[in-house]
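**Q** I'd like to ask you about the structure that follows.
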Amino acid sequence: MVIRIFKFLLLAYLVTFSQTILSNLTSILGIAPNFGTIIILLIALRTESQVALPTSFAVALIIDALNPETLGLGTAVRFAIAVAASEIRQHIDVEQLPAQMYLLIGSEVCFQTLFQALANSFDFGTLSKIYLEVSLPTLVYTVVVGFVVLAMADLEFKIEVKRRGLG
Amino acid sequence: MKWATGRLYRNRKPFLIIGGLVVSLLLFALQLDQKAFVARPLQEVFYTPFWSISNKLTALVNVYNNNMALKSENVRLKFERMTFEQNRLENQRFREMLRLLPRPDFKLIPADVIAHDQGRRWSSAIIRANEYIDQFLPVVDEKGLVGKIASSTGTVATVSLLIGPNCRVASRDNQTRTLGIIKWNTGRGLLLDGVAVENDVFPGDTIISSGMGGVFPEGLTVGVVAKVDTIPTEVFKRVIIEPFVDFGALDNVMVMKPLRGSFGN
């Protein structure tokens with residue numbers, strides 16, 4: 001139990017680190033990658049759904065706490081993504097990097113669309129402007145960073161499989 | 001009760017999903033101050049350490065950037081100061097020259113020494129002025145006679161220095177009025193040639209131009225008598241002159257241009 005709490009705290013601080021310092025360091029022209037989606041996706045893909053769901057919810061809530069104005073909305077959307085990824089994982093082979101990338105792109109598109117639509121009360125004038133100026137660059141940047149993260153995770157997974165002689 | 005708990009545990013996934021979504025939407029439905037109340041403990045536990053680090057890092061980056069900017073500014077100011085110092089010294093030298101050479105019949109053209117002919121024992125120097133320089137004009141600095149213009153291409157000219165073989169000056173001892181010709185010496189200093197053994201020249205006497213050659217006007221300081229050798233069998237004395245001008249440190253000079261017609265050749 002203590003180890004579980006310790007692991008969760010470690011994850012939580014990793015999330016907050018990515019949301020604060022890492023976001024600032026990787027920000028280009030005010031656009032930073034959405035590390036939240038990448039982390040939620042990694043949790044959903046790497047752990048059992050019984051563990052993944054509460055962890056994803058907690059992580060999403062911590063990410064959301066950064067901006068109290070939209071508290072709950074980001075949590076709901078990210079949690080929904082975690083649920084969807086967790087479900088998809090059971091039906092298709094998501095061990096392959098391309099499948100993970102498709103999932104990441106889909107998740108980020110869903111997140112940006114749902115979050116911005118709900119946050120702006122479906123005001124399509126503002127929405128299209130925000131989508132073009134913020135969401136689309138963030139989506140591209142997140143996919144690029146996500147590719148690097150998922151590729152590294154994939155490599156680590158393959159090494160682990162080889163080490164255990166399961167491959 | 002036990003049955004219900006077991007059933008709930010076995011089917012906890014739908015409960016987790018529904019619970020998570022309901023809690024999220026409830027949070028979203030709260031008023032802003034209530035949201036802030038919920039978010040504050042999470043911020044304090046999870047974000048404050050990183051905000052603190054982030055602020056310190058930002059401050060560090062700002063200090064670094066300021067430091068770089070100040071260093072750059074410092075280099076610029078040092079260079080500017082050096083330029084001002086050069087200009088001040090140049091100004092001082094020119095003022096000294098003007099003070100020493102108040103010649104109403106000459107126009108003094110300031111010029112900078114831009115090169116030396118080191119291959120020929122400092123016998124010539126290249127100068128550049130902002131005005132046209134004629135050939136054969138005398139060149140002086142704040143200490144005395146430097147030489148004459150040997151050739152000119154307009155504003156750039158070659159000066160035959162006093163210590164070189166191509167420059168001779170009709171001179172006199174300022175104290176005894178004894179006449180002679182200043183020419184280069186193979187050893188140290190200059191030679192005052194043509195001083196008969198019966199004429200008086202003493203060590204420490206100042207030698208000035210006599211104005212007789214036609215090139216150099218009268219009264220330009222040349223040097224000081226360093227040594228006088230009288231050999232009974234010789235007709236002339238051997239008079240060694242130590243020039244006033246430091247030819248190894250020439251920097252700014254004045255070209256003396258006559259205002260009415262040609263003074264020299």
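Ligands are numbered from 1 in the order shown, chains are lettered A, B, ... in the order of the structure tokens, and residues start at 1 in each chain.
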Find the residues of chain B in contact range of chain A, meaning any atom within 7 Å when counting only C-alpha atoms, and list them as JSON, numbers by chain.
**A** {"B": [13, 16, 20, 21, 24, 25, 27, 28, 32, 35, 36, 39, 42, 43, 46, 47, 50, 51, 54]}
**Q** Taking the backbone alone, and naming residues the way the document does, which bits of chain A are helix (DSSP H, G or I) by DSSP, as a VMD selection string?
**A** chain A and resid 2 to 26 35 to 46 49 to 64 68 to 70 73 to 91 97 to 119 124 to 163
**Q** When you look at B:Val169 with a cut-off of 9 Å (counting only C-alpha atoms), what residues show up, excluding the ones that are within fewer than 5 positions of it in the same chain? I need them as a list in words.
**A** Gly147, Leu162, Gly180, Ile181, Ile182, Lys183, Ser209, Ser210, Gly211, Met212, Gly213, Val215, Phe216 and Val222 of chain B
**Q** Compile the contact shell of B:Asp134 as a ChimeraX atom specification: residues with an atom at most 9 Å away, counting only C-alpha atoms, same-chain residues fewer than 2 positions apart removed.
**A** /B:132,136-137,149,151-155,157,257
**Q** Just to confirm, what's the straight-line distance from atom CA of B:Gly248 to atom CA of B:Arg172 in Å (one decimal)?
**A** 24.8 Å
**Q** Could you state the separation of atom CA of B:Arg76 and atom CA of B:Val63 in Å, given to one decimal place?
**A**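 Separation of atom CA of B:Arg76 and atom CA of B:Val63: 19.6 Å.
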**Q** Give me the residues near stretch 140-142 of chain A as a list in words, where near means some atom within 8 Å (using only C-alpha atoms) and where sequence neighbours in that chain fewer than 2 positions away do not count.
**A**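 Near neighbours after the sequence-gap exclusion: Ile31, Ala32, Pro33, Asn34, Phe35, Ile38, Glu108, Leu136, Pro137, Thr138, Val144, Val145 and Gly146 of chain A.
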**Q** Kindly indicate which residue among B:Cys167, B:Val255, B:Leu220, B:Ile207 lies nearest to B:Glu131, using only C-alpha atoms for the distances.
**A**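 Using only C-alpha atoms, the shortest distance to B:Glu131 belongs to B:Val255.
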**Q** List the neighbours of A:Val143 out to 8 Å using only C-alpha atoms; skip same-chain residues closer than 5 positions along the sequence, and give me the result as a PDB file with N, CA, C and O atoms, in the first residue's frame.
**A**
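After the write, out-v3.pdb holds the following:
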ATOM      1  N   MET A 101       0.146   5.696 -31.669  1.00  0.00           N
ATOM      2  CA  MET A 101       0.144   7.045 -32.252  1.00  0.00           C
ATOM      3  C   MET A 101      -1.257   7.450 -32.705  1.00  0.00           C
ATOM      4  O   MET A 101      -1.691   8.583 -32.497  1.00  0.00           O
ATOM      5  N   LEU A 104      -3.139   8.340 -29.756  1.00  0.00           N
ATOM      6  CA  LEU A 104      -2.717   9.655 -29.230  1.00  0.00           C
ATOM      7  C   LEU A 104      -3.354  10.786 -30.042  1.00  0.00           C
ATOM      8  O   LEU A 104      -3.906  11.746 -29.471  1.00  0.00           O
ATOM      9  N   ILE A 105      -3.285  10.645 -31.378  1.00  0.00           N
ATOM     10  CA  ILE A 105      -3.870  11.693 -32.236  1.00  0.00           C
ATOM     11  C   ILE A 105      -5.369  11.811 -31.967  1.00  0.00           C
ATOM     12  O   ILE A 105      -5.907  12.904 -31.766  1.00  0.00           O
TER      13      ILE A 105
END
**Q** At most 8 Å is the cut-off: for each residue in stretch 87-138 of chain A with any atom that close to an atom of stretch 149-154 of chain A, write down the nearest atom pair and the distance in Å rounded to one decimal, counting only C-alpha atoms, chain first then increasing number, as CSV.
**A**
residue,atom,partner,partner_atom,distance
A:Glu95,CA,A:Asp154,CA,7.8
A:Gln96,CA,A:Asp154,CA,7.8
A:Leu97,CA,A:Ala151,CA,6.7
A:Gln100,CA,A:Leu150,CA,7.5
A:Met101,CA,A:Leu150,CA,7.8
**Q** Just the strand (DSSP E) stuff from stretch 34-161 of chain B, please, per backbone DSSP, written as a ChimeraX atom specification.
**A** /B:106-116,124-129,138-140,145-152,156-161
**Q** With a distance cut-off of 10 Å and only C-alpha atoms, select the neighbouring residues of B:Asn185, excluding the residue or stretch itself and same-chain residues fewer than 4 positions from it, and output the selection as a ChimeraX atom specification.
**A** /B:163-165,189-193,240-241
**Q** Write to file, as a tab-separated table (two decimals), in the first residue's frame, the residues of the selection just made, with all heavy atoms.
**A**
chain	number	residue	atom	x	y	z
B	163	ILE	N	65.27	61.11	-39.94
B	163	ILE	CA	66.33	60.13	-39.62
B	163	ILE	C	66.67	59.27	-40.83
B	163	ILE	O	67.53	58.38	-40.74
B	163	ILE	CB	65.91	59.22	-38.44
B	163	ILE	CG1	64.52	58.63	-38.69
B	163	ILE	CG2	65.95	59.98	-37.13
B	163	ILE	CD1	64.13	57.54	-37.71
B	164	GLY	N	66.00	59.51	-41.97
B	164	GLY	CA	66.28	58.73	-43.18
B	164	GLY	C	67.30	59.44	-44.06
B	164	GLY	O	67.60	60.62	-43.87
B	165	PRO	N	67.83	58.74	-45.07
B	165	PRO	CA	68.86	59.32	-45.94
B	165	PRO	C	68.32	60.34	-46.95
B	165	PRO	O	69.11	61.06	-47.56
B	165	PRO	CB	69.44	58.10	-46.65
B	165	PRO	CG	68.36	57.08	-46.60
B	165	PRO	CD	67.57	57.33	-45.38
B	189	GLY	N	71.17	58.75	-33.60
B	189	GLY	CA	70.96	60.20	-33.74
B	189	GLY	C	71.18	60.73	-35.15
B	189	GLY	O	71.18	59.96	-36.12
B	190	LEU	N	71.32	62.07	-35.23
B	190	LEU	CA	71.52	62.73	-36.52
B	190	LEU	C	72.89	63.40	-36.52
B	190	LEU	O	73.53	63.54	-35.48
B	190	LEU	CB	70.43	63.79	-36.72
B	190	LEU	CG	68.99	63.30	-36.74
B	190	LEU	CD1	68.04	64.47	-36.55
B	190	LEU	CD2	68.69	62.59	-38.06
B	191	LEU	N	73.28	63.83	-37.69
B	191	LEU	CA	74.58	64.49	-37.82
B	191	LEU	C	74.37	65.94	-38.24
B	191	LEU	O	73.60	66.20	-39.18
B	191	LEU	CB	75.38	63.74	-38.90
B	191	LEU	CG	76.90	63.85	-38.86
B	191	LEU	CD1	77.46	63.27	-37.55
B	191	LEU	CD2	77.49	63.13	-40.06
B	192	LEU	N	75.03	66.88	-37.53
B	192	LEU	CA	75.01	68.28	-38.00
B	192	LEU	C	76.30	68.48	-38.80
B	192	LEU	O	77.38	68.62	-38.24
B	192	LEU	CB	74.93	69.25	-36.81
B	192	LEU	CG	74.86	70.73	-37.17
B	192	LEU	CD1	73.56	71.05	-37.94
B	192	LEU	CD2	74.95	71.61	-35.93
B	193	ASP	N	76.14	68.45	-40.11
B	193	ASP	CA	77.29	68.45	-41.00
B	193	ASP	C	77.70	69.88	-41.38
B	193	ASP	O	76.85	70.79	-41.35
B	193	ASP	CB	76.92	67.64	-42.27
B	193	ASP	CG	78.16	67.16	-42.99
B	193	ASP	OD1	79.22	67.04	-42.35
B	193	ASP	OD2	78.05	66.88	-44.21
B	240	ILE	N	76.93	65.32	-33.15
B	240	ILE	CA	75.81	64.35	-33.10
B	240	ILE	C	74.61	65.02	-32.42
B	240	ILE	O	74.74	65.62	-31.37
B	240	ILE	CB	76.20	63.08	-32.32
B	240	ILE	CG1	77.47	62.44	-32.90
B	240	ILE	CG2	75.05	62.07	-32.29
B	240	ILE	CD1	77.35	61.92	-34.33
B	241	ILE	N	73.48	64.92	-33.11
B	241	ILE	CA	72.24	65.55	-32.60
B	241	ILE	C	71.25	64.47	-32.17
B	241	ILE	O	71.04	63.49	-32.91
B	241	ILE	CB	71.57	66.41	-33.72
B	241	ILE	CG1	72.58	67.38	-34.36
B	241	ILE	CG2	70.33	67.13	-33.20
B	241	ILE	CD1	73.14	68.42	-33.42
